[in-house]
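Structure data follow from protein.cif (mmCIF, C-alpha atoms and all ligand atoms):
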data_work
#
loop_
_atom_site.label_atom_id
_atom_site.label_comp_id
_atom_site.auth_asym_id
_atom_site.auth_seq_id
_atom_site.Cartn_x
_atom_site.Cartn_y
_atom_site.Cartn_z
CA MET A 1 25.14 -8.37 -53.62
CA SER A 2 23.91 -8.15 -50.05
CA THR A 3 23.01 -4.93 -48.11
CA LEU A 4 23.54 -6.65 -44.72
CA PRO A 5 27.01 -5.25 -43.87
CA LYS A 6 25.67 -1.69 -44.24
CA SER A 7 22.22 -2.16 -42.60
CA LEU A 8 23.43 -4.19 -39.58
CA PRO A 9 25.22 -1.32 -37.84
CA ARG A 10 22.19 0.90 -38.57
CA TYR A 11 19.91 -1.76 -37.06
CA GLN A 12 22.14 -2.12 -33.98
CA ALA A 13 22.30 1.63 -33.46
CA SER A 14 18.55 1.95 -33.71
CA ARG A 15 18.09 -0.99 -31.32
CA ARG A 16 20.44 0.67 -28.83
CA ARG A 17 18.44 3.92 -29.15
CA PHE A 18 15.21 2.01 -28.57
CA LEU A 19 16.55 0.23 -25.47
CA ARG A 20 17.92 3.53 -24.11
CA THR A 21 14.52 5.14 -24.57
CA VAL A 22 12.75 2.25 -22.86
CA GLY A 23 15.31 2.30 -20.03
CA LEU A 24 14.88 6.05 -19.63
CA PHE A 25 11.10 5.71 -19.63
CA VAL A 26 11.16 2.94 -17.01
CA GLY A 27 13.61 4.93 -14.91
CA VAL A 28 11.50 8.09 -15.02
CA VAL A 29 8.27 6.21 -14.25
CA GLY A 30 10.00 4.24 -11.47
CA ALA A 31 11.47 7.39 -9.92
CA SER A 32 8.10 9.14 -10.13
CA LEU A 33 6.33 6.20 -8.49
CA ALA A 34 8.97 6.03 -5.75
CA THR A 35 8.36 9.74 -5.06
CA LEU A 36 4.61 9.18 -5.12
CA LEU A 37 4.57 6.13 -2.86
CA PRO A 38 4.40 8.03 0.44
CA VAL A 39 1.57 10.14 -1.05
CA ILE A 40 -0.28 7.04 -2.30
CA ALA A 41 0.16 5.44 1.14
CA LYS A 42 -1.72 8.39 2.66
CA TRP A 43 -4.75 7.69 0.44
CA VAL A 44 -4.98 4.11 1.60
CA PRO A 45 -7.01 3.66 4.81
CA ALA A 46 -4.86 2.76 7.83
CA ARG A 47 -5.43 -0.91 8.56
CA LEU A 48 -3.93 -3.72 10.57
CA ARG A 49 -1.66 -5.54 8.12
CA PRO A 50 -0.78 -9.26 8.25
CA PRO A 51 2.15 -10.40 10.42
CA GLY A 52 5.52 -9.31 9.07
CA ALA A 53 4.20 -6.55 6.77
CA ILE A 54 7.06 -4.24 5.86
CA GLU A 55 6.79 -0.44 6.11
CA GLU A 56 3.46 0.76 4.66
CA PRO A 57 4.60 2.54 1.42
CA ALA A 58 6.94 -0.33 0.54
CA PHE A 59 4.24 -2.85 1.44
CA LEU A 60 1.71 -1.18 -0.86
CA ALA A 61 4.27 -1.07 -3.67
CA SER A 62 5.59 -4.62 -3.39
CA CYS A 63 2.47 -6.67 -2.55
CA ILE A 64 1.19 -8.18 -5.80
CA LYS A 65 -2.24 -9.03 -4.32
CA CYS A 66 -1.78 -12.71 -5.11
CA GLY A 67 -3.73 -13.80 -2.01
CA GLN A 68 -1.21 -16.49 -0.98
CA CYS A 69 -1.27 -15.24 2.63
CA VAL A 70 -5.07 -15.42 2.58
CA GLN A 71 -5.04 -19.04 1.39
CA VAL A 72 -2.80 -20.43 4.12
CA CYS A 73 -4.37 -18.79 7.18
CA PRO A 74 -6.25 -21.42 9.21
CA VAL A 75 -8.58 -18.85 10.81
CA GLN A 76 -9.10 -16.78 7.63
CA ALA A 77 -7.88 -13.69 9.43
CA ILE A 78 -6.45 -12.09 6.31
CA ARG A 79 -8.77 -10.38 3.84
CA LEU A 80 -8.16 -8.48 0.62
CA ALA A 81 -9.43 -4.91 0.53
CA ASP A 82 -12.47 -4.37 -1.67
CA ILE A 83 -12.95 -2.08 -4.67
CA ASP A 84 -14.26 0.77 -2.48
CA GLU A 85 -10.81 1.11 -0.91
CA ALA A 86 -9.48 3.23 -3.79
CA MET A 87 -5.69 2.81 -4.03
CA GLY A 88 -5.78 0.05 -1.42
CA VAL A 89 -7.85 -2.38 -3.50
CA GLY A 90 -6.66 -5.97 -3.12
CA VAL A 91 -4.25 -5.15 -0.31
CA PRO A 92 -4.31 -7.69 2.56
CA TYR A 93 -5.53 -6.53 5.96
CA ILE A 94 -6.92 -7.92 9.20
CA ASP A 95 -10.12 -6.77 10.91
CA ALA A 96 -9.19 -7.96 14.37
CA ARG A 97 -12.61 -7.49 15.94
CA ALA A 98 -14.09 -9.84 13.31
CA GLN A 99 -11.20 -12.32 13.15
CA ALA A 100 -7.80 -11.84 14.73
CA CYS A 101 -4.58 -13.65 13.90
CA ASP A 102 -4.30 -16.22 16.69
CA PHE A 103 -1.09 -17.81 15.35
CA SER A 104 -2.84 -21.16 15.18
CA CYS A 105 -0.82 -21.87 12.02
CA ASP A 106 2.13 -22.29 14.44
CA ALA A 107 4.81 -20.96 12.08
CA VAL A 108 3.67 -17.61 10.66
CA GLN A 109 2.51 -19.41 7.51
CA CYS A 110 1.35 -16.19 5.83
CA ILE A 111 4.91 -14.86 5.93
CA LEU A 112 6.30 -18.11 4.53
CA ALA A 113 3.74 -18.04 1.72
CA CYS A 114 4.40 -14.45 0.60
CA PRO A 115 6.34 -14.63 -2.70
CA THR A 116 7.54 -11.01 -2.71
CA GLY A 117 8.88 -10.40 0.78
CA SER A 118 6.10 -7.88 1.42
CA LEU A 119 5.72 -9.97 4.57
CA ASN A 120 9.24 -9.94 5.93
CA HIS A 121 10.82 -13.39 5.57
CA THR A 122 13.34 -12.75 8.35
CA ILE A 123 10.50 -13.04 10.91
CA ILE A 124 10.16 -16.70 11.80
CA LYS A 125 8.52 -16.67 15.25
CA LYS A 126 5.23 -15.16 16.42
CA GLU A 127 7.09 -13.33 19.19
CA GLU A 128 9.06 -11.37 16.56
CA VAL A 129 5.95 -10.04 14.81
CA ARG A 130 5.02 -6.36 15.33
CA MET A 131 1.66 -5.64 13.71
CA GLY A 132 0.79 -2.93 16.20
CA LEU A 133 0.11 -2.49 19.86
CA ALA A 134 -2.97 -3.22 21.97
CA ARG A 135 -4.49 -0.29 23.87
CA VAL A 136 -7.11 -0.20 26.63
CA ALA A 137 -9.36 2.31 24.88
CA ARG A 138 -12.38 2.16 27.24
CA PRO A 139 -11.03 1.32 30.72
CA GLU A 140 -14.31 2.34 32.41
CA ALA A 141 -16.21 -0.35 30.41
CA CYS A 142 -13.88 -3.23 31.33
CA LEU A 143 -15.73 -5.92 33.30
CA ALA A 144 -12.66 -6.71 35.41
CA SER A 145 -12.30 -3.05 36.36
CA GLN A 146 -15.84 -3.27 37.78
CA GLY A 147 -15.06 -6.54 39.58
CA GLN A 148 -17.40 -8.45 37.25
CA GLY A 149 -17.10 -11.96 35.87
CA PHE A 150 -18.28 -13.31 32.56
CA GLN A 151 -20.52 -16.24 31.69
CA GLY A 152 -21.50 -17.45 28.24
CA GLN A 153 -20.30 -17.07 24.65
CA ALA A 154 -17.72 -14.30 24.55
CA ARG A 155 -19.15 -12.63 21.46
CA GLY A 156 -22.61 -14.14 21.34
CA ALA A 157 -24.21 -16.96 19.37
CA ASP A 158 -23.91 -15.27 15.97
CA PHE A 159 -20.20 -14.51 16.09
CA GLN A 160 -18.33 -16.26 13.27
CA GLY A 161 -14.80 -15.88 14.64
CA LEU A 162 -12.44 -18.82 15.23
CA LEU A 163 -9.83 -19.46 17.87
CA ARG A 164 -7.56 -22.36 18.68
CA TYR A 165 -8.14 -23.64 22.20
CA THR A 166 -5.20 -25.99 22.68
CA GLU A 167 -6.88 -27.70 25.64
CA ILE A 168 -9.74 -28.73 23.30
CA ASP A 169 -7.97 -29.31 19.98
CA ARG A 170 -4.23 -28.79 19.67
CA TRP A 171 -4.34 -28.55 15.88
CA ASN A 172 -7.60 -26.98 14.79
CA PRO A 173 -9.27 -23.69 15.61
CA ILE A 174 -12.96 -23.88 16.55
CA PRO A 175 -15.75 -21.27 16.59
CA VAL A 176 -15.53 -19.00 19.64
CA ARG A 177 -19.30 -19.50 20.14
CA ASP A 178 -18.65 -23.22 20.76
CA HIS A 179 -16.51 -22.43 23.79
CA PRO A 180 -18.60 -20.71 26.50
CA TYR A 181 -16.88 -19.32 29.59
CA ASP A 182 -17.70 -19.18 33.28
CA LEU A 183 -15.34 -16.70 34.90
CA GLU A 184 -15.56 -15.13 38.36
CA LEU A 185 -13.57 -12.18 37.13
CA CYS A 186 -13.34 -11.49 33.40
CA ASP A 187 -9.82 -12.09 32.13
CA LEU A 188 -10.61 -13.18 28.55
CA CYS A 189 -8.09 -10.82 26.96
CA VAL A 190 -5.32 -12.21 29.16
CA ARG A 191 -6.25 -15.89 29.05
CA GLN A 192 -6.59 -16.00 25.24
CA CYS A 193 -3.55 -13.88 24.37
CA PRO A 194 -1.19 -16.12 22.35
CA ILE A 195 1.94 -14.27 23.48
CA GLU A 196 3.36 -14.92 26.93
CA THR A 197 3.61 -11.80 29.14
CA ALA A 198 2.04 -9.52 26.50
CA ILE A 199 -0.90 -8.57 28.73
CA SER A 200 -1.72 -8.93 32.39
CA LEU A 201 -4.41 -7.88 34.87
CA GLN A 202 -3.31 -5.57 37.66
CA HIS A 203 -5.15 -4.66 40.86
CA ILE A 204 -6.79 -1.25 40.95
CA ASP A 205 -8.20 -1.48 44.48
CA ASN A 206 -6.89 -2.56 47.88
CA GLU A 207 -9.25 -5.55 48.21
CA GLY A 208 -8.00 -7.06 44.92
CA LYS A 209 -11.54 -7.35 43.52
CA ARG A 210 -11.14 -4.93 40.66
CA LYS A 211 -8.44 -5.29 38.03
CA MET A 212 -7.39 -3.62 34.83
CA PRO A 213 -5.63 -5.05 31.75
CA VAL A 214 -2.14 -3.68 31.25
CA ILE A 215 -0.33 -4.09 27.93
CA ASN A 216 3.32 -5.08 28.10
CA LYS A 217 6.28 -4.82 25.77
CA ALA A 218 5.87 -8.34 24.35
CA CYS A 219 2.54 -7.43 22.68
CA VAL A 220 2.71 -8.13 18.93
CA GLY A 221 -0.63 -6.51 18.00
CA CYS A 222 -2.27 -9.76 16.86
CA GLY A 223 -5.71 -8.54 17.91
CA VAL A 224 -6.95 -11.60 19.83
CA CYS A 225 -7.69 -9.43 22.88
CA GLU A 226 -9.74 -7.05 20.69
CA MET A 227 -11.64 -9.97 19.17
CA ILE A 228 -12.43 -11.83 22.38
CA CYS A 229 -13.45 -8.92 24.64
CA PRO A 230 -17.18 -9.49 25.38
CA VAL A 231 -17.95 -5.80 25.88
CA GLU A 232 -19.54 -3.95 22.96
CA PRO A 233 -17.82 -1.87 21.69
CA THR A 234 -14.61 -3.58 22.65
CA VAL A 235 -12.55 -2.30 25.57
CA ILE A 236 -9.22 -3.07 23.85
CA VAL A 237 -8.26 -1.97 20.35
CA ILE A 238 -5.10 -2.41 18.30
CA ASP A 239 -3.21 0.65 17.12
CA GLU A 240 -1.84 -0.61 13.81
CA ARG A 241 1.92 -0.30 13.27
CA LYS A 242 2.40 1.35 16.67
CA MET A 243 5.61 0.28 18.39
CA TRP A 244 6.23 -0.05 22.09
CA GLY A 245 7.56 3.22 23.52
CA ALA A 246 6.52 5.31 20.50
CA ALA A 247 4.37 8.39 21.20
S1 LIG B 301 0.36 -15.94 11.41
FE1 LIG B 301 -0.92 -17.74 10.90
S2 LIG B 301 -2.87 -17.36 11.97
FE2 LIG B 301 -1.78 -15.39 11.86
S3 LIG B 301 -2.52 -14.36 10.01
FE3 LIG B 301 -0.65 -15.50 9.43
S4 LIG B 301 -1.39 -17.50 8.71
FE4 LIG B 301 -3.09 -16.55 9.87
S1 LIG B 302 -11.80 -9.13 28.01
FE1 LIG B 302 -12.54 -7.01 27.95
S2 LIG B 302 -13.90 -6.83 29.74
FE2 LIG B 302 -12.68 -8.70 30.03
S3 LIG B 302 -10.92 -8.06 31.27
FE3 LIG B 302 -10.29 -7.93 29.10
S4 LIG B 302 -10.74 -5.82 28.51
FE4 LIG B 302 -11.86 -6.21 30.41
S1 LIG B 303 -2.10 -8.20 24.18
FE1 LIG B 303 -1.82 -10.29 23.39
S2 LIG B 303 -3.74 -10.70 22.32
FE2 LIG B 303 -3.62 -8.49 22.56
S3 LIG B 303 -2.65 -7.77 20.67
FE3 LIG B 303 -1.05 -8.02 22.21
S4 LIG B 303 -0.22 -10.07 21.82
FE4 LIG B 303 -2.22 -9.99 20.79
#

Translate this file's structure into structure tokens.
Ligand code: SF4
Ligand code: SF4
Ligand code: SF4
Amino acid sequence: MSTLPKSLPRYQASRRRFLRTVGLFVGVVGASLATLLPVIAKWVPARLRPPGAIEEPAFLASCIKCGQCVQVCPVQAIRLADIDEAMGVGVPYIDARAQACDFSCDAVQCILACPTGSLNHTIIKKEEVRMGLARVARPEACLASQGQGFQGQARGADFQGLLRYTEIDRWNPIPVRDHPYDLELCDLCVRQCPIETAISLQHIDNEGKRKMPVINKACVGCGVCEMICPVEPTVIVIDERKMWGAA
């Protein structure tokens, strides 16, 4: 005589109870995390995120720190935050002054490589990216505003940063230190900007000898202008996640 017909319903009922409990637990934890995300986001240092990064709390929640975006970047612009970054450990960021995103991958490869959509897959062109907005933070220090040129290595002989100079090598970025300049009036931020019309130099005197960089709506916040500026500290900085027209 078998006990199966009696124990099976008991087993099924207990299984249902178990699954309900697990479901409830996951739901409660999920809801709590969703509530906490904006708070967690405030603990994470504000940083320039890779191209296409979705809104900060959602980005922090969805990025699985797999490093795929890091692997594909030809200039190694993307880094993963270190252990001292508390809740932000392992989260990808860009330190533009050290190495900006110059779009030398040609097709926002970091976005294509992201398996979770933390880098928004609907962005397919560099012009659509909005990492932040460049800002002339120290106008008085700008060489062009003083009517000065620039000769030599933009960031000195020790600078490790890379940039693609299409006139030298269409496909491969090279060290910035290997490409010295000889400019009558400094315009490095404008000449190296990878986005057409994002930045321009405008006259600030009647003789046309002194000029000032002006940021335009097309700026995507890639940080090349911050990286290449030869003045120390840099004249231009990127305000991460800032949008054109926002206060
Ligand atoms: S868009 Fe290209 S160059 Fe820029 S961070 Fe992504 S992979 Fe690197
Ligand atoms: S690169 Fe720097 S110093 Fe030169 S024009 Fe631009 S902001 Fe001024
Ligand atoms: S001005 Fe050009 S180089 Fe500077 S952040 Fe904007 S798009 Fe990049």

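Take the candidates A:Val72, A:Leu183, A:Val129, A:Ala81 and check each one against ligand LIG 303 (chain B) using all atoms listed in the file; the shortest distance goes to A:Val129.
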
re atom CA of Gly132 of chain A and atom FE3 of ligand LIG 303 (chain B): distance 8.1 Å

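Each of A:Cys219, A:Cys66, A:Arg97, A:Trp171 was compared to Val237 of chain A using all atoms listed in the file, and A:Arg97 turns out to be the nearest.
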
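Proximity to ligand LIG 302 (chain B) was assessed for A:His203, A:Arg164, A:Lys242, A:Arg138 counting only C-alpha atoms and all ligand atoms; the smallest distance is recorded for A:Arg138.
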
Please identify every polymer residue within 6 Å of ligand LIG 302 (chain B), using all atoms listed in the file, and present the set as a compact mmCIF listing (two decimals) with C-alpha atoms, in the coordinates of the input.
# COMPACT_ATOMS: atom_id res chain seq x y z
CA CYS A 142 -13.88 -3.23 31.33
CA LEU A 143 -15.73 -5.92 33.30
CA ALA A 144 -12.66 -6.71 35.41
CA CYS A 186 -13.34 -11.49 33.40
CA ASP A 187 -9.82 -12.09 32.13
CA LEU A 188 -10.61 -13.18 28.55
CA CYS A 189 -8.09 -10.82 26.96
CA CYS A 229 -13.45 -8.92 24.64
CA PRO A 230 -17.18 -9.49 25.38
CA VAL A 231 -17.95 -5.80 25.88
CA VAL A 235 -12.55 -2.30 25.57
CA ILE A 236 -9.22 -3.07 23.85

Expected selection as a VMD selection string for ligand LIG 303 (chain B) within 10 Å, all atoms listed in the file: chain A and resid 96 100 to 103 126 to 127 129 to 136 188 to 200 213 to 228 236 to 240

Could the residues of chain A that have an atom at most 7 Å from ligand LIG 301 (chain B) be listed as a Markdown table, each with its closest atom pair and the distance in Å to one decimal, counting all atoms listed in the file and ordered by chain and ascending residue number?
| residue | atom | partner | partner_atom | distance |
| --- | --- | --- | --- | --- |
| A:Pro50 | CA | B:LIG301 | S3 | 5.7 |
| A:Pro51 | CA | B:LIG301 | FE3 | 5.9 |
| A:Cys69 | CA | B:LIG301 | S4 | 6.5 |
| A:Val72 | CA | B:LIG301 | S4 | 5.6 |
| A:Cys73 | CA | B:LIG301 | S4 | 3.6 |
| A:Pro74 | CA | B:LIG301 | FE4 | 5.8 |
| A:Val75 | CA | B:LIG301 | S2 | 6.0 |
| A:Gln76 | CA | B:LIG301 | FE4 | 6.4 |
| A:Ala77 | CA | B:LIG301 | S3 | 5.4 |
| A:Ile78 | CA | B:LIG301 | S3 | 5.9 |
| A:Cys101 | CA | B:LIG301 | FE2 | 3.9 |
| A:Asp102 | CA | B:LIG301 | S2 | 5.1 |
| A:Phe103 | CA | B:LIG301 | S2 | 3.8 |
| A:Ser104 | CA | B:LIG301 | S2 | 5.0 |
| A:Cys105 | CA | B:LIG301 | FE1 | 4.3 |
| A:Asp106 | CA | B:LIG301 | FE1 | 6.5 |
| A:Ala107 | CA | B:LIG301 | FE1 | 6.7 |
| A:Val108 | CA | B:LIG301 | S1 | 3.8 |
| A:Gln109 | CA | B:LIG301 | S4 | 4.5 |
| A:Cys110 | CA | B:LIG301 | FE3 | 4.2 |
| A:Ile111 | CA | B:LIG301 | FE3 | 6.6 |

Kindly save the residues from that selection, with C-alpha atoms included, as a CSV table (one decimal), in the coordinates of the input.
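again14.csv written:
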chain,number,residue,atom,x,y,z
A,50,PRO,CA,-0.8,-9.3,8.2
A,51,PRO,CA,2.2,-10.4,10.4
A,69,CYS,CA,-1.3,-15.2,2.6
A,72,VAL,CA,-2.8,-20.4,4.1
A,73,CYS,CA,-4.4,-18.8,7.2
A,74,PRO,CA,-6.2,-21.4,9.2
A,75,VAL,CA,-8.6,-18.8,10.8
A,76,GLN,CA,-9.1,-16.8,7.6
A,77,ALA,CA,-7.9,-13.7,9.4
A,78,ILE,CA,-6.4,-12.1,6.3
A,101,CYS,CA,-4.6,-13.6,13.9
A,102,ASP,CA,-4.3,-16.2,16.7
A,103,PHE,CA,-1.1,-17.8,15.4
A,104,SER,CA,-2.8,-21.2,15.2
A,105,CYS,CA,-0.8,-21.9,12.0
A,106,ASP,CA,2.1,-22.3,14.4
A,107,ALA,CA,4.8,-21.0,12.1
A,108,VAL,CA,3.7,-17.6,10.7
A,109,GLN,CA,2.5,-19.4,7.5
A,110,CYS,CA,1.4,-16.2,5.8
A,111,ILE,CA,4.9,-14.9,5.9

Segment 114-123 of chain A: which residues within 6 Å, counting all atoms listed in the file, same-chain residues fewer than 3 positions away excluded, as number ranges by chain? A: 52-54, 59, 62-63, 111

Residues as selected, C-alpha atoms, written as an mmCIF file, in the coordinates of the input, can you do that?
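Heads up, here's the output in result.cif:
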data_model
loop_
_atom_site.group_PDB
_atom_site.id
_atom_site.type_symbol
_atom_site.label_atom_id
_atom_site.label_comp_id
_atom_site.auth_asym_id
_atom_site.auth_seq_id
_atom_site.Cartn_x
_atom_site.Cartn_y
_atom_site.Cartn_z
ATOM 1 C CA GLY A 52 5.520 -9.310 9.070
ATOM 2 C CA ALA A 53 4.200 -6.550 6.770
ATOM 3 C CA ILE A 54 7.060 -4.240 5.860
ATOM 4 C CA PHE A 59 4.240 -2.850 1.440
ATOM 5 C CA SER A 62 5.590 -4.620 -3.390
ATOM 6 C CA CYS A 63 2.470 -6.670 -2.550
ATOM 7 C CA ILE A 111 4.910 -14.860 5.930
#

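If all atoms listed in the file are the atoms counted, then among A:Met243, A:Asp169, A:Thr234, A:Gly88 the closest residue to Pro57 of chain A is A:Gly88.
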
Quick one: 3 Å padding each side, axis-aligned, all listed atoms of segment 45-52 of chain A - centre and edge lengths in Å to one decimal, as AutoDock Vina command-line options?
--center_x -0.7 --center_y -3.4 --center_z 7.7 --size_x 18.5 --size_y 20.1 --size_z 11.8

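Taking all atoms listed in the file into account, Asp158 of chain A lies nearest to A:Pro175 out of the set A:Ala113, A:Pro175, A:Val89, A:Lys65.
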
> Which neighbours of Gly67 of chain A fall inside 9 Å, counting all atoms listed in the file, when residues of the same chain fewer than 5 positions from it are skipped, and could you give them as a list in words?
Replying inline: Ile78, Arg79, Leu80, Gly90, Val91, Pro92 and Cys114 of chain A

Using C-alpha atoms, can you export the residues from the last selection as a short mmCIF file (atom, residue, chain, number, x, y, z; two decimals), in the frame of the given file?
data_model
loop_
_atom_site.label_atom_id
_atom_site.label_comp_id
_atom_site.auth_asym_id
_atom_site.auth_seq_id
_atom_site.Cartn_x
_atom_site.Cartn_y
_atom_site.Cartn_z
CA ILE A 78 -6.45 -12.09 6.31
CA ARG A 79 -8.77 -10.38 3.84
CA LEU A 80 -8.16 -8.48 0.62
CA GLY A 90 -6.66 -5.97 -3.12
CA VAL A 91 -4.25 -5.15 -0.31
CA PRO A 92 -4.31 -7.69 2.56
CA CYS A 114 4.40 -14.45 0.60
#

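Using all atoms listed in the file, the shortest contact distance between Ala157 of chain A and any of A:Ala137, A:Asn172, A:Asp82, A:Asp178 is found at A:Asp178.
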
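Picture a line from atom CA of Phe150 of chain A to atom CA of Asp182 of chain A; it runs 5.9 Å.
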
* If we count only C-alpha atoms, what is near Gly152 of chain A at a cut-off of 9 Å, once residues fewer than 3 positions away on the same chain are taken out, given as JSON, numbers by chain? -> {"A": [155, 156, 177, 179, 180, 181, 182]}

With N, CA and C atoms as the goal, would you fill in the gaps in segment 146-169 of chain A and present it as a tab-separated table (two decimals), in the frame of the given file?
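As a result, rebuild_8.tsv now contains:
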chain	number	residue	atom	x	y	z
A	146	GLN	N	-14.64	-3.43	36.94
A	146	GLN	CA	-15.84	-3.27	37.78
A	146	GLN	C	-15.99	-4.45	38.74
A	147	GLY	N	-15.01	-5.35	38.72
A	147	GLY	CA	-15.06	-6.54	39.58
A	147	GLY	C	-16.04	-7.57	39.07
A	148	GLN	N	-16.39	-7.53	37.80
A	148	GLN	CA	-17.40	-8.45	37.25
A	148	GLN	C	-16.77	-9.65	36.54
A	149	GLY	N	-17.50	-10.75	36.60
A	149	GLY	CA	-17.10	-11.96	35.87
A	149	GLY	C	-17.74	-11.99	34.50
A	150	PHE	N	-17.61	-13.15	33.86
A	150	PHE	CA	-18.28	-13.31	32.56
A	150	PHE	C	-18.74	-14.75	32.39
A	151	GLN	N	-19.99	-14.91	32.00
A	151	GLN	CA	-20.52	-16.24	31.69
A	151	GLN	C	-21.14	-16.23	30.29
A	152	GLY	N	-20.86	-17.30	29.55
A	152	GLY	CA	-21.50	-17.45	28.24
A	152	GLY	C	-20.53	-17.36	27.08
A	153	GLN	N	-21.11	-17.17	25.88
A	153	GLN	CA	-20.30	-17.07	24.65
A	153	GLN	C	-19.72	-15.66	24.57
A	154	ALA	N	-18.40	-15.59	24.43
A	154	ALA	CA	-17.72	-14.30	24.55
A	154	ALA	C	-18.30	-13.24	23.63
A	155	ARG	N	-18.67	-13.63	22.41
A	155	ARG	CA	-19.15	-12.63	21.46
A	155	ARG	C	-20.57	-12.96	20.97
A	156	GLY	N	-21.24	-13.82	21.70
A	156	GLY	CA	-22.61	-14.14	21.34
A	156	GLY	C	-22.71	-15.31	20.38
A	157	ALA	N	-23.96	-15.74	20.17
A	157	ALA	CA	-24.21	-16.96	19.37
A	157	ALA	C	-23.98	-16.76	17.88
A	158	ASP	N	-24.02	-15.51	17.42
A	158	ASP	CA	-23.91	-15.27	15.97
A	158	ASP	C	-22.47	-15.00	15.52
A	159	PHE	N	-21.57	-14.88	16.47
A	159	PHE	CA	-20.20	-14.51	16.09
A	159	PHE	C	-19.54	-15.64	15.29
A	160	GLN	N	-18.92	-15.26	14.19
A	160	GLN	CA	-18.33	-16.26	13.27
A	160	GLN	C	-16.85	-16.56	13.55
A	161	GLY	N	-16.25	-15.78	14.45
A	161	GLY	CA	-14.80	-15.88	14.64
A	161	GLY	C	-14.32	-17.23	15.16
A	162	LEU	N	-13.07	-17.55	14.83
A	162	LEU	CA	-12.44	-18.82	15.23
A	162	LEU	C	-11.27	-18.56	16.16
A	163	LEU	N	-10.99	-19.54	16.98
A	163	LEU	CA	-9.83	-19.46	17.87
A	163	LEU	C	-9.36	-20.88	18.17
A	164	ARG	N	-8.06	-21.03	18.30
A	164	ARG	CA	-7.56	-22.36	18.68
A	164	ARG	C	-7.47	-22.44	20.20
A	165	TYR	N	-8.21	-23.37	20.77
A	165	TYR	CA	-8.14	-23.64	22.20
A	165	TYR	C	-7.32	-24.93	22.33
A	166	THR	N	-6.08	-24.81	22.70
A	166	THR	CA	-5.20	-25.99	22.68
A	166	THR	C	-5.68	-27.08	23.62
A	167	GLU	N	-6.39	-26.69	24.70
A	167	GLU	CA	-6.88	-27.70	25.64
A	167	GLU	C	-8.02	-28.52	25.03
A	168	ILE	N	-8.65	-28.01	23.96
A	168	ILE	CA	-9.74	-28.73	23.30
A	168	ILE	C	-9.23	-29.45	22.06
A	169	ASP	N	-8.53	-28.71	21.19
A	169	ASP	CA	-7.97	-29.31	19.98
A	169	ASP	C	-6.65	-28.61	19.68
